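Trainee: Next up, my_file.json (JSON, C-alpha atoms).
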```
[["chain", "number", "residue", "atom", "x", "y", "z"],
["A", 27, "MET", "CA", 26.22, -34.88, 16.47],
["A", 28, "ARG", "CA", 29.88, -34.92, 15.42],
["A", 29, "CYS", "CA", 29.49, -38.58, 14.36],
["A", 30, "LEU", "CA", 26.51, -37.73, 12.23],
["A", 31, "GLY", "CA", 28.48, -34.93, 10.60],
["A", 32, "SER", "CA", 31.38, -37.23, 9.89],
["A", 33, "ILE", "CA", 29.07, -39.76, 8.29],
["A", 34, "VAL", "CA", 27.46, -37.10, 6.09],
["A", 35, "LEU", "CA", 30.87, -35.79, 5.04],
["A", 36, "ALA", "CA", 32.07, -39.31, 4.19],
["A", 37, "LEU", "CA", 28.97, -39.93, 2.10],
["A", 38, "ALA", "CA", 29.43, -36.67, 0.29],
["A", 39, "LEU", "CA", 33.05, -37.46, -0.53],
["A", 40, "ALA", "CA", 32.12, -40.95, -1.73],
["A", 41, "THR", "CA", 29.39, -39.55, -3.96],
["A", 42, "THR", "CA", 31.77, -37.00, -5.42],
["A", 43, "GLY", "CA", 34.31, -39.76, -6.16],
["A", 44, "CYS", "CA", 31.66, -41.87, -7.89],
["A", 45, "VAL", "CA", 30.59, -38.91, -9.98],
["A", 46, "LYS", "CA", 34.19, -38.23, -11.00],
["A", 47, "ALA", "CA", 34.80, -41.93, -11.82],
["A", 48, "SER", "CA", 31.64, -42.09, -13.89],
["A", 49, "THR", "CA", 32.59, -38.95, -15.83],
["A", 50, "HIS", "CA", 36.05, -40.30, -16.48],
["A", 51, "GLN", "CA", 34.67, -43.63, -17.75],
["A", 52, "ARG", "CA", 32.34, -41.81, -20.13],
["A", 53, "ALA", "CA", 35.30, -39.83, -21.44],
["A", 54, "VAL", "CA", 37.26, -43.03, -21.89],
["A", 55, "ASP", "CA", 34.35, -44.71, -23.65],
["A", 56, "THR", "CA", 33.89, -41.70, -25.91],
["A", 57, "LEU", "CA", 37.58, -41.66, -26.78],
["A", 58, "THR", "CA", 37.56, -45.40, -27.41],
["A", 59, "ALA", "CA", 34.59, -45.01, -29.74],
["A", 60, "LYS", "CA", 36.34, -42.22, -31.60],
["A", 61, "LEU", "CA", 39.49, -44.28, -31.89],
["A", 62, "THR", "CA", 37.50, -47.26, -33.17],
["A", 63, "ALA", "CA", 35.75, -45.05, -35.73],
["A", 64, "ALA", "CA", 39.07, -43.53, -36.76],
["A", 65, "GLN", "CA", 40.63, -46.99, -37.18],
["A", 66, "SER", "CA", 37.66, -48.09, -39.25],
["A", 67, "THR", "CA", 38.08, -45.05, -41.46],
["A", 68, "ILE", "CA", 41.80, -45.79, -41.82],
["A", 69, "ASP", "CA", 41.06, -49.42, -42.72],
["A", 70, "GLN", "CA", 38.55, -48.31, -45.36],
["A", 71, "ARG", "CA", 41.02, -45.86, -46.83],
["A", 72, "ASP", "CA", 43.76, -48.53, -46.87],
["A", 73, "ALA", "CA", 41.42, -50.86, -48.71],
["A", 74, "ARG", "CA", 40.59, -48.11, -51.21],
["A", 75, "ILE", "CA", 44.27, -47.33, -51.70],
["A", 76, "ARG", "CA", 45.00, -51.01, -52.41],
["A", 77, "GLU", "CA", 42.09, -51.08, -54.85],
["A", 78, "LEU", "CA", 43.33, -47.98, -56.63],
["A", 79, "GLU", "CA", 46.88, -49.30, -56.72],
["A", 80, "GLY", "CA", 45.58, -52.54, -58.19],
["A", 81, "ASN", "CA", 43.60, -50.63, -60.80],
["A", 82, "GLU", "CA", 46.64, -48.53, -61.60],
["A", 83, "ALA", "CA", 48.80, -51.62, -62.08],
["A", 84, "ARG", "CA", 46.13, -53.20, -64.26],
["A", 85, "LEU", "CA", 45.79, -50.04, -66.32],
["A", 86, "HIS", "CA", 49.55, -49.85, -66.74],
["A", 87, "GLY", "CA", 49.54, -53.47, -67.85],
["A", 88, "GLU", "CA", 46.75, -52.79, -70.32],
["A", 89, "GLN", "CA", 48.57, -49.71, -71.58],
["A", 90, "ASP", "CA", 51.76, -51.72, -72.04],
["A", 91, "ALA", "CA", 49.84, -54.47, -73.84],
["A", 92, "SER", "CA", 48.06, -51.93, -76.03],
["A", 93, "ALA", "CA", 51.35, -50.21, -76.85],
["A", 94, "ALA", "CA", 52.96, -53.55, -77.77],
["A", 95, "GLU", "CA", 49.96, -54.52, -79.91],
["A", 96, "LEU", "CA", 49.98, -51.13, -81.61],
["A", 97, "ALA", "CA", 53.70, -51.43, -82.34],
["A", 98, "GLU", "CA", 53.17, -54.91, -83.79],
["A", 99, "LEU", "CA", 50.29, -53.71, -85.97],
["A", 100, "ARG", "CA", 52.38, -50.80, -87.22],
["A", 101, "GLU", "CA", 55.23, -53.17, -88.03],
["A", 102, "LYS", "CA", 52.91, -55.48, -89.95],
["A", 103, "ARG", "CA", 51.38, -52.54, -91.81],
["A", 104, "ALA", "CA", 54.85, -51.31, -92.77],
["A", 105, "ALA", "CA", 55.74, -54.80, -94.02],
["A", 106, "ASP", "CA", 52.51, -55.00, -96.02],
["A", 107, "GLU", "CA", 53.13, -51.57, -97.51],
["A", 108, "LYS", "CA", 56.67, -52.59, -98.42],
["A", 109, "ARG", "CA", 55.45, -55.76, -100.14],
["A", 110, "LEU", "CA", 52.73, -53.85, -101.97],
["A", 111, "ALA", "CA", 55.23, -51.24, -103.15],
["A", 112, "ALA", "CA", 57.55, -54.00, -104.37],
["A", 113, "PHE", "CA", 54.68, -55.69, -106.20],
["A", 114, "GLN", "CA", 53.61, -52.43, -107.82],
["A", 115, "ASP", "CA", 57.20, -51.78, -108.87],
["A", 116, "LEU", "CA", 57.41, -55.26, -110.41],
["A", 117, "GLN", "CA", 54.08, -54.72, -112.16],
["A", 118, "LYS", "CA", 55.31, -51.42, -113.56],
["A", 119, "ARG", "CA", 58.60, -52.89, -114.76],
["A", 120, "PHE", "CA", 56.87, -55.63, -116.71],
["A", 121, "GLN", "CA", 53.77, -53.71, -117.82],
["A", 122, "SER", "CA", 54.74, -53.73, -121.50],
["A", 123, "MET", "CA", 55.24, -57.52, -121.45],
["A", 124, "VAL", "CA", 52.01, -57.95, -119.51],
["A", 125, "ASP", "CA", 50.19, -55.91, -122.14],
["A", 126, "THR", "CA", 51.50, -58.16, -124.93],
["A", 127, "GLY", "CA", 50.57, -61.33, -123.06],
["A", 128, "GLU", "CA", 54.15, -62.55, -122.73],
["A", 129, "LEU", "CA", 53.81, -62.91, -118.97],
["A", 130, "GLU", "CA", 51.64, -62.16, -115.92],
["A", 131, "VAL", "CA", 52.61, -60.56, -112.63],
["A", 132, "THR", "CA", 50.67, -62.13, -109.80],
["A", 133, "PHE", "CA", 50.63, -62.67, -106.06],
["A", 134, "ARG", "CA", 50.32, -66.40, -105.41],
["A", 135, "LYS", "CA", 50.64, -68.15, -102.07],
["A", 136, "GLY", "CA", 51.86, -64.88, -100.59],
["A", 137, "GLN", "CA", 54.71, -64.59, -103.10],
["A", 138, "MET", "CA", 55.27, -62.22, -106.01],
["A", 139, "THR", "CA", 55.43, -64.28, -109.16],
["A", 140, "LEU", "CA", 56.15, -63.76, -112.84],
["A", 141, "LYS", "CA", 54.24, -66.35, -114.85],
["A", 142, "LEU", "CA", 55.39, -67.18, -118.37],
["A", 143, "PRO", "CA", 53.41, -69.63, -120.53],
["A", 144, "SER", "CA", 55.57, -72.58, -121.57],
["A", 145, "GLY", "CA", 54.30, -72.18, -125.10],
["A", 146, "VAL", "CA", 56.09, -68.83, -125.30],
["A", 147, "LEU", "CA", 59.41, -70.37, -124.23],
["A", 148, "PHE", "CA", 59.55, -74.02, -125.27],
["A", 149, "PRO", "CA", 58.34, -76.29, -128.03],
["A", 150, "SER", "CA", 55.86, -78.98, -127.06],
["A", 151, "ALA", "CA", 57.40, -81.75, -124.93],
["A", 152, "GLY", "CA", 60.81, -80.06, -125.12],
["A", 153, "ALA", "CA", 63.13, -78.15, -122.79],
["A", 154, "ASP", "CA", 65.21, -76.23, -125.32],
["A", 155, "LEU", "CA", 64.41, -72.54, -125.68],
["A", 156, "GLY", "CA", 63.10, -71.40, -129.01],
["A", 157, "ASP", "CA", 64.02, -68.05, -130.55],
["A", 158, "ALA", "CA", 60.88, -66.40, -129.16],
["A", 159, "GLY", "CA", 61.63, -67.87, -125.74],
["A", 160, "LYS", "CA", 65.19, -66.53, -125.76],
["A", 161, "LYS", "CA", 63.93, -63.10, -126.75],
["A", 162, "THR", "CA", 61.36, -63.09, -123.96],
["A", 163, "LEU", "CA", 63.82, -64.29, -121.31],
["A", 164, "THR", "CA", 66.40, -61.72, -122.42],
["A", 165, "LYS", "CA", 63.90, -58.95, -121.69],
["A", 166, "VAL", "CA", 62.83, -60.55, -118.42],
["A", 167, "THR", "CA", 66.42, -60.91, -117.21],
["A", 168, "ALA", "CA", 67.25, -57.31, -118.11],
["A", 169, "LEU", "CA", 64.23, -56.05, -116.18],
["A", 170, "LEU", "CA", 65.12, -58.20, -113.16],
["A", 171, "MET", "CA", 68.76, -57.12, -113.12],
["A", 172, "PRO", "CA", 68.13, -54.11, -110.80],
["A", 173, "LEU", "CA", 66.73, -56.68, -108.33],
["A", 174, "LYS", "CA", 69.75, -58.99, -108.52],
["A", 175, "ASP", "CA", 70.25, -58.74, -104.76],
["A", 176, "ARG", "CA", 66.97, -60.65, -104.30],
["A", 177, "ARG", "CA", 66.67, -64.41, -104.64],
["A", 178, "PHE", "CA", 64.43, -66.02, -107.27],
["A", 179, "LEU", "CA", 63.06, -69.53, -107.63],
["A", 180, "ILE", "CA", 62.43, -70.71, -111.18],
["A", 181, "ALA", "CA", 59.60, -73.24, -111.09],
["A", 182, "GLY", "CA", 58.57, -75.47, -113.99],
["A", 183, "HIS", "CA", 54.98, -76.74, -114.29],
["A", 184, "THR", "CA", 53.19, -79.05, -116.74],
["A", 185, "ASP", "CA", 49.65, -80.19, -117.35],
["A", 186, "ASN", "CA", 48.54, -83.71, -116.37],
["A", 187, "VAL", "CA", 49.00, -85.29, -119.79],
["A", 188, "PRO", "CA", 51.66, -88.00, -119.28],
["A", 189, "ILE", "CA", 54.88, -87.67, -121.21],
["A", 190, "LYS", "CA", 57.43, -90.35, -121.90],
["A", 191, "ASN", "CA", 60.05, -90.08, -124.57],
["A", 192, "GLU", "CA", 63.76, -90.70, -124.98],
["A", 193, "GLN", "CA", 64.63, -87.45, -123.21],
["A", 194, "PHE", "CA", 62.07, -87.31, -120.37],
["A", 195, "ALA", "CA", 60.70, -90.24, -118.41],
["A", 196, "ASN", "CA", 57.77, -88.22, -117.06],
["A", 197, "ASN", "CA", 56.49, -84.71, -116.36],
["A", 198, "TRP", "CA", 58.74, -84.34, -113.31],
["A", 199, "TYR", "CA", 61.81, -84.57, -115.54],
["A", 200, "LEU", "CA", 60.32, -82.21, -118.11],
["A", 201, "SER", "CA", 59.27, -79.51, -115.64],
["A", 202, "THR", "CA", 62.62, -79.64, -113.84],
["A", 203, "ALA", "CA", 64.61, -79.56, -117.07],
["A", 204, "ARG", "CA", 62.71, -76.49, -118.25],
["A", 205, "ALA", "CA", 63.35, -74.70, -114.96],
["A", 206, "ILE", "CA", 67.07, -75.49, -115.17],
["A", 207, "THR", "CA", 67.17, -74.24, -118.77],
["A", 208, "VAL", "CA", 65.70, -70.89, -117.69],
["A", 209, "VAL", "CA", 68.16, -70.60, -114.79],
["A", 210, "GLN", "CA", 71.13, -71.33, -117.05],
["A", 211, "PHE", "CA", 69.94, -68.80, -119.63],
["A", 212, "MET", "CA", 69.59, -66.08, -116.99],
["A", 213, "ILE", "CA", 73.08, -66.85, -115.69],
["A", 214, "ASP", "CA", 74.43, -66.61, -119.22],
["A", 215, "GLN", "CA", 72.76, -63.19, -119.43],
["A", 216, "GLY", "CA", 74.76, -62.06, -116.40],
["A", 217, "PHE", "CA", 72.30, -62.66, -113.57],
["A", 218, "PRO", "CA", 74.10, -63.81, -110.36],
["A", 219, "ALA", "CA", 73.94, -67.61, -110.14],
["A", 220, "LYS", "CA", 73.82, -67.55, -106.33],
["A", 221, "GLN", "CA", 70.50, -65.68, -106.48],
["A", 222, "LEU", "CA", 68.76, -68.38, -108.55],
["A", 223, "ALA", "CA", 67.32, -71.82, -107.85],
["A", 224, "ALA", "CA", 65.35, -74.28, -109.99],
["A", 225, "ALA", "CA", 62.47, -76.62, -109.13],
["A", 226, "GLY", "CA", 60.09, -78.86, -111.04],
["A", 227, "TYR", "CA", 56.49, -79.41, -109.94],
["A", 228, "ALA", "CA", 55.21, -81.52, -112.84],
["A", 229, "ASP", "CA", 51.39, -81.32, -112.77],
["A", 230, "LYS", "CA", 51.13, -81.20, -108.97],
["A", 231, "ASP", "CA", 50.57, -77.46, -108.56],
["A", 232, "PRO", "CA", 47.92, -76.50, -111.14],
["A", 233, "ILE", "CA", 46.35, -73.05, -111.39],
["A", 234, "ALA", "CA", 43.43, -74.25, -113.53],
["A", 235, "SER", "CA", 41.48, -77.42, -114.22],
["A", 236, "ASN", "CA", 43.20, -79.95, -116.44],
["A", 237, "GLY", "CA", 39.80, -81.02, -117.66],
["A", 238, "GLY", "CA", 39.85, -78.68, -120.64],
["A", 239, "ARG", "CA", 42.30, -77.49, -123.27],
["A", 240, "ASN", "CA", 42.49, -73.92, -121.98],
["A", 241, "GLY", "CA", 43.07, -75.08, -118.40],
["A", 242, "ARG", "CA", 45.90, -77.40, -119.47],
["A", 243, "LYS", "CA", 47.45, -74.57, -121.45],
["A", 244, "ARG", "CA", 47.45, -72.31, -118.36],
["A", 245, "ASN", "CA", 49.03, -75.03, -116.25],
["A", 246, "ARG", "CA", 51.96, -75.40, -118.65],
["A", 247, "ARG", "CA", 54.09, -72.53, -117.39],
["A", 248, "ILE", "CA", 57.33, -71.24, -115.94],
["A", 249, "GLU", "CA", 57.11, -69.19, -112.75],
["A", 250, "ILE", "CA", 59.81, -66.82, -111.58],
["A", 251, "ILE", "CA", 59.09, -66.44, -107.87],
["A", 252, "VAL", "CA", 60.53, -63.69, -105.71],
["A", 253, "VAL", "CA", 61.78, -65.55, -102.63],
["A", 254, "PRO", "CA", 60.71, -63.68, -99.46],
["A", 255, "ASP", "CA", 63.48, -61.92, -97.58],
["A", 256, "LEU", "CA", 63.54, -63.42, -94.08],
["A", 257, "SER", "CA", 64.56, -60.05, -92.68],
["A", 258, "ASP", "CA", 61.12, -58.77, -93.74],
["A", 259, "LEU", "CA", 59.42, -61.33, -91.49],
["A", 260, "PRO", "CA", 58.73, -60.84, -87.76],
["A", 261, "THR", "CA", 61.60, -61.96, -85.56],
["A", 262, "LEU", "CA", 61.03, -65.48, -84.26],
["A", 263, "ALA", "CA", 61.58, -66.22, -80.60],
["A", 264, "THR", "CA", 64.71, -68.24, -79.92],
["A", 265, "PRO", "CA", 63.88, -71.51, -78.11],
["A", 266, "LYS", "CA", 65.37, -71.73, -74.64]]
```
Could I get this structure in the form of structure tokens?

Mentor:
Amino acid sequence: MRCLGSIVLALALATTGCVKASTHQRAVDTLTAKLTAAQSTIDQRDARIRELEGNEARLHGEQDASAAELAELREKRAADEKRLAAFQDLQKRFQSMVDTGELEVTFRKGQMTLKLPSGVLFPSAGADLGDAGKKTLTKVTALLMPLKDRRFLIAGHTDNVPIKNEQFANNWYLSTARAITVVQFMIDQGFPAKQLAAAGYADKDPIASNGGRNGRKRNRRIEIIVVPDLSDLPTLATPK
């Protein structure tokens, strides 16, 4: 009877141990599942954080690019407004001469230009100023004097009718000689010589067709070109 009781007690203790072990394993499994779920949540949040950080960096980059582009556009607008104001000032200065047909104020090839018909300044096939030409250039020089800190290119142009005489071998010589004559006259009037340059283009830069009389007349001209100030242009990158 005592043996039977011992066996029953041993079985009872073994069963109790199994129950406790099983309960403990379930607790461990539950905790492991929770830890796995928690780690998964952490991984998802880390991924989201990296995504947001990437978006933030991209947005900052876009903002920086937009700010740089905006600054560049503002700089270009300011330069355009400055050029327009200068052109309007030049137009205003020479309005009376424009009204009488002595010259034109134009924007050509991105440059402000005073255009004087050669017929107003020079006799046909010649490079010596007539009285009317001297009078016109005296007024032009006086009006340009407040701008004497700017540089000007005096450009001579002809039509395409060939010229060859004792003084000029061709239209290149004639156009250049006329430009030099204008430069020298302006210097004699007190305009700073270092601010002037002369060039001859012959018939190679027409503004009208040479096929008709009126077109050839327009092409025979002296241009006083305002040389762009390089400080007005965007800064160029220095090559490394």

Trainee: Any idea what the distance is between CA of Arg109 (chain A) and CA of Ala223 (chain A)?

Mentor: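 According to the coordinates, CA of Arg109 (chain A) and CA of Ala223 (chain A) are separated by 21.4 Å.
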
Trainee: What gap, in Å, lies between CA of Asp154 (chain A) and CA of Glu192 (chain A)?

Mentor: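 Separation of CA of Asp154 (chain A) and CA of Glu192 (chain A): 14.5 Å.
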
Trainee: What gap, in Å, lies between CA of Lys118 (chain A) and CA of Pro143 (chain A)?

Mentor: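 For CA of Lys118 (chain A) relative to CA of Pro143 (chain A), the distance reads 19.6 Å.
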
Trainee: Nearest to Arg176 (chain A): which of A:Thr62, A:Gln137, A:Gln221, A:Asn240 is it, counting all atoms listed in the file?

Mentor: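 Among A:Thr62, A:Gln137, A:Gln221, A:Asn240, it is A:Gln221 that comes nearest to Arg176 (chain A).
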
Trainee: Find the residues around Asn236 (chain A) up to 7 Å (all atoms listed in the file counted), leave out those fewer than 4 positions away in its own chain, and share them as a PDB file with C-alpha atoms, in the frame of the given file.

Mentor:
```pdb
ATOM      1  CA  ASP A 185      49.650 -80.190-117.350  1.00  0.00           C
ATOM      2  CA  ASN A 186      48.540 -83.710-116.370  1.00  0.00           C
ATOM      3  CA  GLY A 241      43.070 -75.080-118.400  1.00  0.00           C
ATOM      4  CA  ARG A 242      45.900 -77.400-119.470  1.00  0.00           C
TER       5      ARG A 242
END
```

Trainee: As an MDAnalysis selection string, please: the residues near Gly216 (chain A) (cut-off 12 Å, all atoms listed in the file, same-chain neighbours under 4 positions excluded).

Mentor: chainID A and resid 164 167:168 170:172 174 209:212 220:222

Trainee: Quick one: residues within 12 Å of Arg134 (chain A), only C-alpha atoms, excluding same-chain residues fewer than 2 positions away - as a list of chain:residue names?

Mentor: A:Phe113, A:Glu130, A:Val131, A:Thr132, A:Gly136, A:Gln137, A:Met138, A:Thr139, A:Leu140, A:Lys141, A:Asp231, A:Pro232, A:Ile233, A:Glu249, A:Ile250, A:Ile251, A:Val252, A:Val253

Trainee: Please produce a file of the residues just selected, as an mmCIF file, in the frame of the given file, where the atoms kept are C-alpha atoms.

Mentor:
```cif
data_model
loop_
_atom_site.group_PDB
_atom_site.id
_atom_site.type_symbol
_atom_site.label_atom_id
_atom_site.label_comp_id
_atom_site.auth_asym_id
_atom_site.auth_seq_id
_atom_site.Cartn_x
_atom_site.Cartn_y
_atom_site.Cartn_z
ATOM 1 C CA PHE A 113 54.680 -55.690 -106.200
ATOM 2 C CA GLU A 130 51.640 -62.160 -115.920
ATOM 3 C CA VAL A 131 52.610 -60.560 -112.630
ATOM 4 C CA THR A 132 50.670 -62.130 -109.800
ATOM 5 C CA GLY A 136 51.860 -64.880 -100.590
ATOM 6 C CA GLN A 137 54.710 -64.590 -103.100
ATOM 7 C CA MET A 138 55.270 -62.220 -106.010
ATOM 8 C CA THR A 139 55.430 -64.280 -109.160
ATOM 9 C CA LEU A 140 56.150 -63.760 -112.840
ATOM 10 C CA LYS A 141 54.240 -66.350 -114.850
ATOM 11 C CA ASP A 231 50.570 -77.460 -108.560
ATOM 12 C CA PRO A 232 47.920 -76.500 -111.140
ATOM 13 C CA ILE A 233 46.350 -73.050 -111.390
ATOM 14 C CA GLU A 249 57.110 -69.190 -112.750
ATOM 15 C CA ILE A 250 59.810 -66.820 -111.580
ATOM 16 C CA ILE A 251 59.090 -66.440 -107.870
ATOM 17 C CA VAL A 252 60.530 -63.690 -105.710
ATOM 18 C CA VAL A 253 61.780 -65.550 -102.630
#
```

Trainee: For Ile189 (chain A), find every residue with an atom within 12 Å (counting only C-alpha atoms), except residues of its own chain fewer than 5 positions away, and show them as a list in words.

Mentor: Ser150, Ala151, Gly152, Thr184, Phe194, Ala195, Asn196, Asn197, Trp198, Tyr199, Leu200, Ser201, Ala228 and Asp229 of chain A

Trainee: Output C-alpha atoms for every residue in the selection just made, as a PDB file, in the frame of the given file.

Mentor:
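Written out: out-v3.pdb:
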```pdb
ATOM      1  CA  SER A 150      55.860 -78.980-127.060  1.00  0.00           C
ATOM      2  CA  ALA A 151      57.400 -81.750-124.930  1.00  0.00           C
ATOM      3  CA  GLY A 152      60.810 -80.060-125.120  1.00  0.00           C
ATOM      4  CA  THR A 184      53.190 -79.050-116.740  1.00  0.00           C
ATOM      5  CA  PHE A 194      62.070 -87.310-120.370  1.00  0.00           C
ATOM      6  CA  ALA A 195      60.700 -90.240-118.410  1.00  0.00           C
ATOM      7  CA  ASN A 196      57.770 -88.220-117.060  1.00  0.00           C
ATOM      8  CA  ASN A 197      56.490 -84.710-116.360  1.00  0.00           C
ATOM      9  CA  TRP A 198      58.740 -84.340-113.310  1.00  0.00           C
ATOM     10  CA  TYR A 199      61.810 -84.570-115.540  1.00  0.00           C
ATOM     11  CA  LEU A 200      60.320 -82.210-118.110  1.00  0.00           C
ATOM     12  CA  SER A 201      59.270 -79.510-115.640  1.00  0.00           C
ATOM     13  CA  ALA A 228      55.210 -81.520-112.840  1.00  0.00           C
ATOM     14  CA  ASP A 229      51.390 -81.320-112.770  1.00  0.00           C
TER      15      ASP A 229
END
```

Trainee: Might you pull out every residue within 12 Å of Met123 (chain A), with all atoms listed in the file counted and same-chain residues fewer than 3 positions away left off, and present them as an mmCIF file with C-alpha atoms, keeping the file's coordinate frame?

Mentor:
```cif
data_model
loop_
_atom_site.group_PDB
_atom_site.id
_atom_site.type_symbol
_atom_site.label_atom_id
_atom_site.label_comp_id
_atom_site.auth_asym_id
_atom_site.auth_seq_id
_atom_site.Cartn_x
_atom_site.Cartn_y
_atom_site.Cartn_z
ATOM 1 C CA LEU A 116 57.410 -55.260 -110.410
ATOM 2 C CA GLN A 117 54.080 -54.720 -112.160
ATOM 3 C CA LYS A 118 55.310 -51.420 -113.560
ATOM 4 C CA ARG A 119 58.600 -52.890 -114.760
ATOM 5 C CA PHE A 120 56.870 -55.630 -116.710
ATOM 6 C CA THR A 126 51.500 -58.160 -124.930
ATOM 7 C CA GLY A 127 50.570 -61.330 -123.060
ATOM 8 C CA GLU A 128 54.150 -62.550 -122.730
ATOM 9 C CA LEU A 129 53.810 -62.910 -118.970
ATOM 10 C CA GLU A 130 51.640 -62.160 -115.920
ATOM 11 C CA VAL A 131 52.610 -60.560 -112.630
ATOM 12 C CA LEU A 140 56.150 -63.760 -112.840
ATOM 13 C CA LYS A 141 54.240 -66.350 -114.850
ATOM 14 C CA LEU A 142 55.390 -67.180 -118.370
ATOM 15 C CA VAL A 146 56.090 -68.830 -125.300
ATOM 16 C CA LYS A 161 63.930 -63.100 -126.750
ATOM 17 C CA THR A 162 61.360 -63.090 -123.960
ATOM 18 C CA LEU A 163 63.820 -64.290 -121.310
ATOM 19 C CA THR A 164 66.400 -61.720 -122.420
ATOM 20 C CA LYS A 165 63.900 -58.950 -121.690
ATOM 21 C CA VAL A 166 62.830 -60.550 -118.420
ATOM 22 C CA LEU A 169 64.230 -56.050 -116.180
#
```

Trainee: Using only C-alpha atoms, can you tell me which of A:Arg204, A:Ala181, A:Ser122, A:Asn245 comes closest to Pro149 (chain A)?

Mentor: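 Among the listed residues, A:Arg204 lies closest to Pro149 (chain A).
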
Trainee: Edge lengths and centre, in Å to one decimal, as AutoDock Vina command-line options: that's what I need for the box along x, y and z that holds all listed atoms of region 78-85 of chain A plus 4 Å on each side.

Mentor:
```
--center_x 46.1 --center_y -50.6 --center_z -61.5 --size_x 13.5 --size_y 13.2 --size_z 17.7
```
